[in-house]
>>> print(open('start35.cif').read())   # mmCIF, C-alpha atoms and all ligand atoms
data_coords
#
loop_
_atom_site.label_atom_id
_atom_site.label_comp_id
_atom_site.auth_asym_id
_atom_site.auth_seq_id
_atom_site.Cartn_x
_atom_site.Cartn_y
_atom_site.Cartn_z
CA MET A 182 65.17 115.76 118.23
CA ARG A 183 65.40 117.91 121.30
CA PRO A 184 64.40 121.56 121.09
CA LEU A 185 67.16 124.12 120.58
CA ALA A 186 68.56 125.70 123.73
CA LYS A 187 66.60 128.89 124.47
CA ASP A 188 69.65 130.92 125.36
CA TYR A 189 73.15 130.62 123.90
CA ARG A 190 76.06 132.48 122.34
CA ILE A 191 78.12 130.61 119.78
CA GLN A 192 79.81 131.20 116.41
CA SER A 193 77.16 129.69 114.12
CA LEU A 194 74.38 127.17 114.41
CA ASP A 195 75.05 126.16 110.80
CA LEU A 196 77.91 123.98 112.00
CA ALA A 197 75.62 121.73 114.08
CA ALA A 198 75.54 118.73 111.70
CA GLN A 199 79.32 118.68 111.40
CA GLY A 200 79.59 118.93 115.19
CA ALA A 201 77.15 116.06 115.68
CA ASP A 202 79.38 113.82 113.52
CA ALA A 203 82.46 114.85 115.49
CA ILE A 204 80.72 114.02 118.78
CA TYR A 205 79.51 110.70 117.37
CA LEU A 206 83.09 109.70 116.50
CA ALA A 207 84.35 110.65 119.97
CA GLU A 208 81.48 108.85 121.72
CA MET A 209 82.43 105.57 120.01
CA ARG A 210 85.83 105.76 121.68
CA MET A 211 84.50 106.55 125.15
CA PRO A 212 83.03 103.22 126.27
CA ALA A 213 83.60 103.67 130.00
CA LEU A 214 81.61 106.90 130.01
CA ALA A 215 78.94 105.19 127.89
CA ARG A 216 78.45 102.58 130.63
CA ILE A 217 78.11 105.30 133.23
CA LYS A 218 75.58 107.05 131.01
CA GLN A 219 73.51 103.87 130.79
CA ARG A 220 73.48 103.45 134.55
CA PHE A 221 72.78 107.16 135.08
CA ALA A 222 69.78 106.94 132.75
CA ALA A 223 68.37 104.12 134.87
CA GLU A 224 69.22 105.50 138.33
CA ARG A 225 69.05 109.29 137.75
CA PRO A 226 71.55 110.16 140.52
CA LEU A 227 71.75 113.82 139.44
CA GLU A 228 68.00 114.42 139.24
CA GLY A 229 67.25 118.14 139.45
CA VAL A 230 70.87 119.24 139.88
CA GLY A 231 71.85 122.39 137.94
CA ILE A 232 75.42 122.11 136.72
CA GLY A 233 77.52 125.02 135.51
CA ALA A 234 80.46 123.75 133.47
CA CYS A 235 83.50 125.70 132.33
CA LEU A 236 85.45 123.26 130.16
CA HIS A 237 87.19 123.14 126.81
CA VAL A 238 84.25 122.96 124.41
CA THR A 239 85.32 119.80 122.62
CA ARG A 240 83.62 116.67 121.27
CA GLU A 241 84.64 114.78 124.42
CA THR A 242 83.15 117.45 126.65
CA ALA A 243 79.92 117.03 124.68
CA VAL A 244 79.88 113.33 125.60
CA LEU A 245 80.34 114.26 129.27
CA LEU A 246 77.46 116.75 129.11
CA ARG A 247 75.14 114.13 127.68
CA THR A 248 76.13 111.71 130.42
CA LEU A 249 75.38 114.27 133.13
CA ARG A 250 72.01 115.02 131.52
CA ALA A 251 71.21 111.31 131.35
CA GLY A 252 71.74 111.32 135.12
CA GLY A 253 69.03 113.97 135.53
CA ALA A 254 71.12 117.16 135.61
CA THR A 255 70.61 120.31 133.59
CA VAL A 256 73.92 121.62 132.28
CA ALA A 257 75.06 124.99 130.95
CA LEU A 258 78.52 125.31 129.39
CA CYS A 259 81.10 128.03 128.79
CA GLY A 260 84.63 127.65 127.42
CA SER A 261 87.62 127.38 129.76
CA ASN A 262 90.03 128.86 127.22
CA PRO A 263 89.54 131.55 124.57
CA LEU A 264 91.09 129.47 121.77
CA SER A 265 90.06 125.87 122.44
CA THR A 266 86.37 125.95 121.51
CA GLN A 267 85.38 123.68 118.63
CA ASP A 268 82.65 125.81 117.05
CA ASP A 269 80.96 122.85 115.37
CA VAL A 270 80.65 121.06 118.71
CA ALA A 271 79.24 124.20 120.37
CA ALA A 272 76.60 124.35 117.62
CA ALA A 273 75.70 120.66 117.97
CA LEU A 274 75.31 121.06 121.71
CA VAL A 275 72.97 124.02 121.29
CA ALA A 276 70.95 122.02 118.75
CA ASP A 277 70.83 119.27 121.37
CA GLY A 278 69.31 121.65 123.93
CA PHE A 279 72.35 122.75 125.96
CA PRO A 280 72.87 126.46 126.67
CA VAL A 281 76.43 127.05 125.44
CA TYR A 282 78.36 130.32 125.66
CA ALA A 283 81.62 129.86 123.76
CA TRP A 284 83.32 130.46 120.45
CA ARG A 285 86.87 130.09 119.21
CA GLY A 286 88.82 133.34 119.60
CA ASN A 287 86.60 134.74 122.34
CA ASP A 288 89.12 136.86 124.20
CA ALA A 289 87.03 139.97 124.79
CA GLU A 290 83.91 138.30 126.18
CA TYR A 291 85.46 135.38 127.98
CA TYR A 292 84.20 136.46 131.40
CA PRO A 293 80.70 137.53 130.24
CA CYS A 294 80.29 133.93 129.02
CA LEU A 295 81.22 132.60 132.47
CA ARG A 296 78.72 135.03 133.98
CA ALA A 297 76.03 133.77 131.61
CA VAL A 298 76.52 130.28 133.06
CA LEU A 299 76.46 131.59 136.65
CA ALA A 300 73.27 133.55 135.87
CA ARG A 301 71.50 130.19 135.54
CA GLN A 302 72.19 129.64 139.25
CA PRO A 303 73.91 126.27 139.06
CA THR A 304 74.39 124.37 142.31
CA LEU A 305 77.36 122.30 141.15
CA LEU A 306 80.34 123.75 139.26
CA ILE A 307 82.65 121.73 137.01
CA ASP A 308 85.69 123.80 136.20
CA ASP A 309 88.93 123.57 134.22
CA GLY A 310 91.44 126.16 135.46
CA ALA A 311 89.25 127.53 138.30
CA ASP A 312 88.10 130.69 136.48
CA LEU A 313 84.43 129.82 137.01
CA ILE A 314 84.86 128.97 140.70
CA VAL A 315 86.93 132.11 141.36
CA THR A 316 84.45 134.31 139.46
CA ALA A 317 81.57 132.82 141.43
CA HIS A 318 83.39 133.59 144.70
CA ARG A 319 84.03 137.19 143.61
CA GLU A 320 80.62 137.99 142.20
CA GLN A 321 78.03 135.47 143.42
CA ALA A 322 78.58 134.87 147.12
CA ALA A 323 75.04 133.59 147.66
CA LEU A 324 75.32 131.09 144.82
CA VAL A 325 78.59 129.76 146.27
CA ALA A 326 77.11 129.53 149.77
CA GLU A 327 74.16 127.49 148.46
CA ALA A 328 76.22 125.27 146.14
CA LEU A 329 76.68 121.55 146.72
CA GLY A 330 80.30 121.94 145.68
CA ALA A 331 82.67 122.06 142.74
CA GLN A 332 85.03 119.80 140.81
CA GLU A 333 88.28 120.89 139.19
CA GLU A 334 89.72 119.24 136.09
CA THR A 335 93.26 120.50 135.78
CA THR A 336 96.57 120.88 137.66
CA THR A 337 96.67 124.69 137.44
CA GLY A 338 93.12 124.98 138.74
CA VAL A 339 93.78 122.67 141.69
CA THR A 340 96.87 124.73 142.58
CA ARG A 341 94.77 127.93 142.60
CA LEU A 342 92.04 126.33 144.69
CA ARG A 343 94.50 124.98 147.26
CA VAL A 344 95.84 128.53 147.69
CA MET A 345 92.26 129.78 148.12
CA ALA A 346 91.67 127.13 150.78
CA GLN A 347 94.92 128.00 152.59
CA GLU A 348 93.97 131.67 152.63
CA GLY A 349 90.55 130.82 154.03
CA ALA A 350 88.83 132.19 150.92
CA LEU A 351 87.18 128.97 149.74
CA ARG A 352 83.45 128.82 150.52
CA THR A 353 82.41 125.50 149.00
CA PRO A 354 83.88 121.99 148.94
CA VAL A 355 85.98 121.25 145.86
CA ILE A 356 87.00 117.84 144.59
CA ALA A 357 90.39 117.77 142.85
CA VAL A 358 89.54 115.56 139.88
CA ASN A 359 92.96 116.32 138.39
CA ASP A 360 94.72 114.70 141.32
CA ALA A 361 92.96 111.36 140.88
CA LYS A 362 95.60 108.79 139.94
CA ILE A 363 93.68 107.81 136.87
CA LYS A 364 93.61 111.43 135.69
CA MET A 365 97.29 112.27 136.15
CA MET A 366 98.64 108.93 134.99
CA PHE A 367 96.75 108.94 131.71
CA ASP A 368 95.33 112.33 130.70
CA ASN A 369 98.31 114.35 131.89
CA ARG A 370 101.04 111.91 130.93
CA TYR A 371 99.82 110.28 127.74
CA GLY A 372 97.15 112.79 126.70
CA THR A 373 99.20 115.95 127.08
CA GLY A 374 102.30 113.92 126.19
CA GLN A 375 100.86 113.18 122.77
CA GLY A 376 100.61 116.98 122.47
CA VAL A 377 104.12 116.82 121.02
CA LEU A 378 102.20 116.21 117.83
CA SER A 379 100.95 119.81 117.94
CA VAL A 380 104.47 120.86 116.88
CA ILE A 381 104.33 118.43 113.98
CA LYS A 382 100.81 119.43 112.99
CA ALA A 383 101.57 123.15 113.08
CA MET A 384 105.04 123.08 111.52
CA ASN A 385 105.51 119.56 110.08
CA VAL A 386 109.02 119.65 111.44
CA LEU A 387 111.16 116.52 111.85
CA LEU A 388 111.71 115.86 115.54
CA ALA A 389 114.36 113.19 115.03
CA GLY A 390 117.75 114.68 115.81
CA LYS A 391 116.29 117.90 117.21
CA ALA A 392 116.97 119.26 120.69
CA VAL A 393 113.59 119.46 122.44
CA VAL A 394 113.56 121.32 125.75
CA VAL A 395 110.77 120.26 128.10
CA ALA A 396 110.17 122.72 130.91
CA GLY A 397 109.07 121.00 134.09
CA TYR A 398 108.98 117.29 134.87
CA GLY A 399 105.50 116.84 136.29
CA TRP A 400 103.02 114.37 134.84
CA CYS A 401 102.37 116.35 131.64
CA SER A 402 106.04 117.02 130.99
CA LYS A 403 106.93 113.38 131.62
CA GLY A 404 104.67 112.44 128.76
CA LEU A 405 106.05 115.15 126.51
CA ALA A 406 109.63 114.06 127.20
CA LEU A 407 108.74 110.40 126.61
CA ARG A 408 107.00 111.05 123.29
CA ALA A 409 109.62 113.53 122.05
CA ARG A 410 112.32 110.96 122.77
CA GLY A 411 110.24 108.30 121.02
CA LEU A 412 110.29 110.47 117.91
CA GLY A 413 114.06 110.60 118.03
CA ALA A 414 114.61 113.97 119.66
CA GLU A 415 117.34 114.69 122.18
CA VAL A 416 115.33 115.78 125.23
CA ILE A 417 116.59 118.38 127.71
CA VAL A 418 114.55 118.89 130.89
CA THR A 419 114.52 122.03 133.05
CA GLU A 420 113.22 121.91 136.63
CA VAL A 421 113.11 123.80 139.93
CA ASP A 422 112.27 120.76 142.08
CA PRO A 423 115.38 118.68 142.94
CA LEU A 424 113.40 115.45 143.27
CA LYS A 425 111.82 115.81 139.84
CA ALA A 426 115.13 116.94 138.32
CA LEU A 427 116.81 113.84 139.71
CA GLU A 428 114.02 111.68 138.33
CA ALA A 429 114.60 113.22 134.88
CA VAL A 430 118.33 112.53 135.17
CA MET A 431 117.71 108.89 136.09
CA GLU A 432 115.34 108.60 133.17
CA GLY A 433 118.30 109.47 130.98
CA TYR A 434 117.47 113.06 130.05
CA ARG A 435 119.91 115.95 130.22
CA VAL A 436 118.90 118.49 132.85
CA LEU A 437 119.98 122.10 132.41
CA PRO A 438 118.98 125.53 133.69
CA MET A 439 116.68 127.26 131.21
CA ALA A 440 119.28 129.97 130.42
CA GLN A 441 121.54 127.26 128.98
CA ALA A 442 118.82 125.06 127.55
CA VAL A 443 117.38 127.83 125.36
CA GLN A 444 120.70 128.19 123.55
CA GLU A 445 120.58 124.59 122.38
CA ALA A 446 116.87 124.26 121.74
CA ASP A 447 115.21 123.61 118.42
CA VAL A 448 111.84 123.24 120.17
CA ILE A 449 110.79 124.44 123.63
CA LEU A 450 107.70 122.96 125.31
CA THR A 451 106.36 124.34 128.58
CA SER A 452 103.90 122.64 130.93
CA THR A 453 104.79 123.82 134.41
CA GLY A 454 101.75 125.70 135.72
CA CYS A 455 104.10 128.61 136.47
CA ARG A 456 104.67 131.97 134.75
CA ASP A 457 107.64 133.35 132.77
CA VAL A 458 109.31 129.98 132.54
CA VAL A 459 110.54 131.19 129.18
CA ALA A 460 111.24 134.86 130.00
CA ALA A 461 112.27 138.04 128.19
CA GLU A 462 116.00 137.44 128.65
CA HIS A 463 115.78 134.00 127.04
CA PHE A 464 114.45 135.03 123.61
CA PRO A 465 117.63 136.76 122.29
CA GLN A 466 119.61 133.63 123.29
CA MET A 467 117.63 131.31 121.02
CA LYS A 468 118.75 129.92 117.68
CA ASP A 469 117.16 131.10 114.45
CA GLY A 470 114.05 128.97 113.82
CA THR A 471 113.31 127.90 117.39
CA ILE A 472 109.73 126.69 117.89
CA LEU A 473 107.93 127.58 121.12
CA ALA A 474 104.82 125.86 122.40
CA ASN A 475 103.02 125.94 125.74
CA LEU A 476 100.94 122.99 126.93
CA GLY A 477 100.18 124.32 130.41
CA HIS A 478 96.76 125.72 131.23
CA PHE A 479 97.41 129.46 131.06
CA ASN A 480 99.25 131.54 128.44
CA VAL A 481 101.75 132.89 130.96
CA GLU A 482 104.44 130.21 130.80
CA ILE A 483 106.07 131.76 127.74
CA ALA A 484 106.34 135.54 128.25
CA VAL A 485 104.38 136.43 125.12
CA GLU A 486 104.02 140.13 125.94
CA ALA A 487 107.80 140.45 126.30
CA LEU A 488 108.22 138.64 122.99
CA ASP A 489 105.80 141.10 121.39
CA ARG A 490 107.89 143.97 122.74
CA LEU A 491 111.24 142.49 121.69
CA ALA A 492 110.23 141.54 118.17
CA THR A 493 110.95 143.90 115.31
CA THR A 494 108.29 142.17 113.20
CA LYS A 495 105.54 139.66 113.83
CA ARG A 496 103.45 137.89 111.22
CA ARG A 497 101.17 134.88 111.01
CA VAL A 498 102.87 132.32 108.80
CA ARG A 499 100.53 129.34 109.19
CA GLU A 500 97.36 128.54 111.06
CA ASP A 501 98.16 128.92 114.78
CA VAL A 502 101.80 129.89 114.12
CA ASP A 503 103.24 133.40 114.54
CA GLU A 504 106.75 134.28 113.40
CA TYR A 505 108.62 136.78 115.55
CA THR A 506 111.81 138.34 114.19
CA LEU A 507 114.18 139.71 116.81
CA ALA A 508 116.74 142.52 116.51
CA ASN A 509 119.49 139.91 116.01
CA GLY A 510 117.65 138.63 112.94
CA HIS A 511 116.65 135.33 114.55
CA ARG A 512 113.13 134.13 113.86
CA LEU A 513 111.09 132.41 116.57
CA TYR A 514 107.88 130.49 115.91
CA LEU A 515 105.17 130.64 118.59
CA LEU A 516 102.31 128.16 118.47
CA ALA A 517 98.73 129.02 119.43
CA GLU A 518 99.63 132.46 120.82
CA GLY A 519 101.19 130.71 123.80
CA ARG A 520 97.85 129.11 124.78
CA LEU A 521 97.75 125.38 125.36
CA ALA A 522 98.91 124.18 121.97
CA ASN A 523 97.57 120.64 122.11
CA LEU A 524 94.01 121.84 122.72
CA VAL A 525 94.22 124.55 120.09
CA THR A 526 95.87 122.63 117.26
CA LEU A 527 94.92 119.00 117.92
CA GLY A 528 91.60 119.28 119.72
CA GLY A 529 93.09 118.07 123.00
CA PRO A 530 93.82 114.66 124.40
CA PRO A 531 92.00 112.04 122.33
CA ALA A 532 88.66 110.52 123.25
CA GLU A 533 90.17 107.30 124.65
CA ILE A 534 91.97 109.42 127.25
CA MET A 535 89.13 111.80 128.02
CA ASP A 536 86.97 108.69 128.53
CA LEU A 537 88.92 108.18 131.76
CA SER A 538 89.00 111.79 133.00
CA PHE A 539 85.37 112.45 132.20
CA SER A 540 84.26 109.15 133.73
CA VAL A 541 85.89 110.43 136.91
CA GLN A 542 84.05 113.77 136.49
CA ALA A 543 80.70 112.00 136.09
CA LEU A 544 81.25 109.70 139.09
CA THR A 545 82.55 112.61 141.16
CA ALA A 546 79.36 114.58 140.45
CA GLU A 547 77.35 111.61 141.71
CA TYR A 548 79.62 111.39 144.78
CA LEU A 549 79.27 115.12 145.52
CA VAL A 550 75.48 114.96 145.29
CA LYS A 551 75.45 112.01 147.70
CA THR A 552 77.98 113.29 150.23
CA HIS A 553 77.97 117.10 150.09
CA ARG A 554 76.29 117.47 153.47
CA ALA A 555 79.29 115.87 155.14
CA LEU A 556 81.82 118.08 153.31
CA THR A 557 83.21 121.47 154.32
CA PRO A 558 84.87 124.16 152.15
CA GLN A 559 88.22 122.57 151.42
CA VAL A 560 89.93 120.72 148.59
CA TYR A 561 89.22 116.98 148.67
CA ASP A 562 90.77 114.12 146.75
CA VAL A 563 88.65 111.90 144.56
CA PRO A 564 88.01 108.67 146.49
CA ASP A 565 90.47 106.02 145.27
CA ALA A 566 87.56 103.66 144.68
CA ILE A 567 86.44 105.89 141.79
CA SER A 568 89.84 105.65 140.07
CA HIS A 569 89.82 101.88 140.51
CA ASP A 570 86.25 101.55 139.25
CA VAL A 571 87.03 103.55 136.13
CA ALA A 572 90.21 101.55 135.46
CA ARG A 573 88.33 98.27 135.90
CA VAL A 574 85.56 99.28 133.52
CA LYS A 575 88.06 100.62 130.98
CA LEU A 576 89.95 97.30 131.02
CA GLU A 577 86.67 95.43 130.58
CA THR A 578 85.77 97.52 127.57
CA MET A 579 89.25 96.80 126.15
CA GLN A 580 88.69 93.08 126.83
CA ILE A 581 91.82 92.90 128.92
CA HIS A 582 91.64 90.50 131.86
CA ILE A 583 93.69 90.62 135.03
CA ASP A 584 94.21 88.27 137.97
CA ALA A 585 92.35 88.38 141.27
CA LEU A 586 93.89 87.70 144.68
CA THR A 587 93.09 84.31 146.19
CA GLN A 588 91.77 84.11 149.78
CA ASP A 589 95.25 82.94 150.90
CA GLN A 590 96.94 85.87 149.18
CA LEU A 591 94.46 88.32 150.66
CA HIS A 592 95.11 86.91 154.09
CA TYR A 593 98.89 87.10 153.54
CA ILE A 594 99.02 90.74 152.52
CA HIS A 595 96.70 91.78 155.32
CA SER A 596 98.75 90.09 158.03
CA PHE A 597 102.14 90.91 159.47
CA HIS A 598 102.78 87.51 161.09
CA THR A 599 104.48 85.67 158.27
CA GLY A 600 108.10 86.74 157.73
CA THR A 601 111.46 85.03 157.17
N1 LIG B 1 90.99 118.60 128.59
N2 LIG B 1 89.76 118.50 128.14
C1 LIG B 1 89.83 118.03 126.91
N3 LIG B 1 89.28 116.93 124.93
O1 LIG B 1 87.71 117.83 126.17
N4 LIG B 1 91.03 117.89 126.59
C2 LIG B 1 91.78 118.25 127.65
C3 LIG B 1 88.84 117.61 126.00
C4 LIG B 1 91.44 118.99 129.90
C5 LIG B 1 92.52 118.07 130.42
O2 LIG B 1 91.95 117.15 131.28
C6 LIG B 1 93.50 119.01 131.11
O3 LIG B 1 93.58 118.75 132.47
C7 LIG B 1 92.90 120.37 130.85
O4 LIG B 1 92.06 120.21 129.75
C8 LIG B 1 93.85 121.50 130.60
O5 LIG B 1 93.14 122.71 130.60
#
>>> encode(input="start35.cif", output="structure tokens", more="lines below")
Ligand code: RBV
Amino acid sequence: MRPLAKDYRIQSLDLAAQGADAIYLAEMRMPALARIKQRFAAERPLEGVGIGACLHVTRETAVLLRTLRAGGATVALCGSNPLSTQDDVAAALVADGFPVYAWRGNDAEYYPCLRAVLARQPTLLIDDGADLIVTAHREQAALVAEALGAQEETTTGVTRLRVMAQEGALRTPVIAVNDAKIKMMFDNRYGTGQGVLSVIKAMNVLLAGKAVVVAGYGWCSKGLALRARGLGAEVIVTEVDPLKALEAVMEGYRVLPMAQAVQEADVILTSTGCRDVVAAEHFPQMKDGTILANLGHFNVEIAVEALDRLATTKRRVREDVDEYTLANGHRLYLLAEGRLANLVTLGGPPAEIMDLSFSVQALTAEYLVKTHRALTPQVYDVPDAISHDVARVKLETMQIHIDALTQDQLHYIHSFHTGT
């Protein structure tokens, strides 16, 4: 047994045994990360590196933290969302020696918890949504100047950091883990896509025959549309990007402006990275019983404050479900207070998926430690070789074999001489 972390702020240490079981079950389904952990333990590529992590405090995140520690790093963790912390996991991590500052429902002290991580003077930041990186820039200029760099897990965070870079405000190199092919193709599409189940878990509603509106047609929304259709729903997509809208049309979905879509919707799912996608004027247009869920990073995609203002009554009807009654008598059901519903109600993308994303995080940390001297403050892509490595290892652990190019084939595709 490791000694308890000396400093921490969590809900209750009493939940540690339950959390340890939850982590154990996730770890079993994260074989690619397990291989990295084994190699890290032997090679210690992160020896002496202090990592500050701001991530959803989930069982899968716990497996990542242990992998980073096996590589020689010390890691402190805060939550990247007020509602996504699994309190049992936080307790197990503290019992396992990690300083953790997070509890479910921590709205009021969200930023103090980020500051507690920064107070440990980490030299590498791993973020999900860019709150930690932005806070460090605002309040800890020296820490940022000394840092090796940072890594960002999610679409919304990468968007923020690219704006920072464009405005010349970024002071440390950032690697856009989200933009790695193996992250977007699997975590965003199938991981968030499976988040359709949050509607079923929260409301146990039949999706077959329902009109499900999916706002946006990026990687996350593609998965949501796919899975909603698979459950028998009629999917309507809304978009602002003509290319993505056309893609949705060709995929066989109806595409409508939101003002029309809301009138037909039984369920509305947002994952756009933008704000007020479902806005004040839309609520009175909705049918009685419409279910609203956001799966994007921040709670701004559905205009919750406007909904609060418009509603004549609001009451909690089930765990993570609030009923809003409007002046026209229609009742709307909002999941997870408009925060990312799949994290809050389901615990996030499953371990098999996070195995991929967090393998990329672990290998990116190793890459940053090795290469940071050659990097400048801008947003970098994850080297493609990392995505390919993780995919190869994942296939191996699934005992799926693929072909290899012969010498002749290699020669052919690397030469322009042979034609008609
Ligand atoms: N995410 N982390 C977890 N189970 O630990 N689940 C989801 C987890 C990340 C995911 O990669 C996505 O990009 C981000 O959370 C949204 O904030």
>>> closest_residue(input="start35.cif", among="A:Ala300, A:Val498, A:Ala508, A:Ala396", to="Arg456 in chain A", atoms="all atoms listed in the file")
A:Ala396
>>> residues_around(input="start35.cif", residues="range 204-211 of chain A", least_positions_apart="5", cutoff="7 Å", atoms="only C-alpha atoms", output="list in words")
Arg240, Glu241, Ala243, Val244, Ala532, Glu533 and Asp536 of chain A
>>> atom_distance(input="start35.cif", atom1="CA of Met431 in chain A", atom2="CA of Val448 in chain A")
22.2 Å
>>> closest_residue(input="start35.cif", among="A:Cys401, A:Val459, A:Cys294, A:Leu586", to="Val377 in chain A", atoms="all atoms listed in the file")
A:Cys401
>>> residues_near_ligand(input="start35.cif", ligand="ligand LIG 1 (chain B)", cutoff="10 Å", atoms="only C-alpha atoms and all ligand atoms", output="MDAnalysis selection string")
chainID A and resid 207 236:245 261:262 265:267 308:311 333:338 358:360 364:365 367:369 372:373 401 476:479 520:521 523:525 527:539
>>> atom_distance(input="start35.cif", atom1="CA of Leu306 in chain A", atom2="CA of Tyr282 in chain A")
15.2 Å
>>> residues_around(input="start35.cif", residues="Ala460 in chain A", least_positions_apart="2", cutoff="12 Å", atoms="only C-alpha atoms", output="list in words")
Met439, Ala440, Val443, Thr451, Cys455, Arg456, Asp457, Val458, Glu462, His463, Phe464, Pro465, Gln466, Met467, Leu473, Val481, Glu482, Ile483, Ala484, Val485, Glu486, Ala487, Leu488, Asp489 and Leu491 of chain A
>>> closest_residue(input="start35.cif", among="A:Ala543, A:Leu351, A:Met345, A:Met366", to="Ala251 in chain A", atoms="only C-alpha atoms")
A:Ala543
>>> residues_around(input="start35.cif", residues="Thr353 in chain A", least_positions_apart="4", cutoff="7 Å", atoms="all atoms listed in the file", output="PyMOL selection string")
chain A and resi 325-326+328+330+557-559
>>> residues_near_point(input="start35.cif", point="(77.9, 104.4, 131.6)", cutoff="12 Å", atoms="all atoms listed in the file", output="VMD selection string")
chain A and resid 208 211 to 225 244 to 245 247 to 249 251 to 252 536 to 537 539 to 541 543 to 544 570 to 571 574 to 575 578
>>> residues_around(input="start35.cif", residues="Ala257 in chain A", least_positions_apart="6", cutoff="9 Å", atoms="all atoms listed in the file", output="list of chain:residue names")
A:Gly231, A:Ile232, A:Gly233, A:Ala234, A:Cys235, A:Leu246, A:Phe279, A:Pro280, A:Val281, A:Tyr282, A:Ala297, A:Val298, A:Leu299, A:Arg301, A:Pro303
>>> atom_distance(input="start35.cif", atom1="CA of Ala522 in chain A", atom2="CA of Asp447 in chain A")
16.7 Å
>>> closest_residue(input="start35.cif", among="A:Ser193, A:Thr601, A:Gln542, A:Ser568", to="Ala361 in chain A", atoms="only C-alpha atoms")
A:Ser568
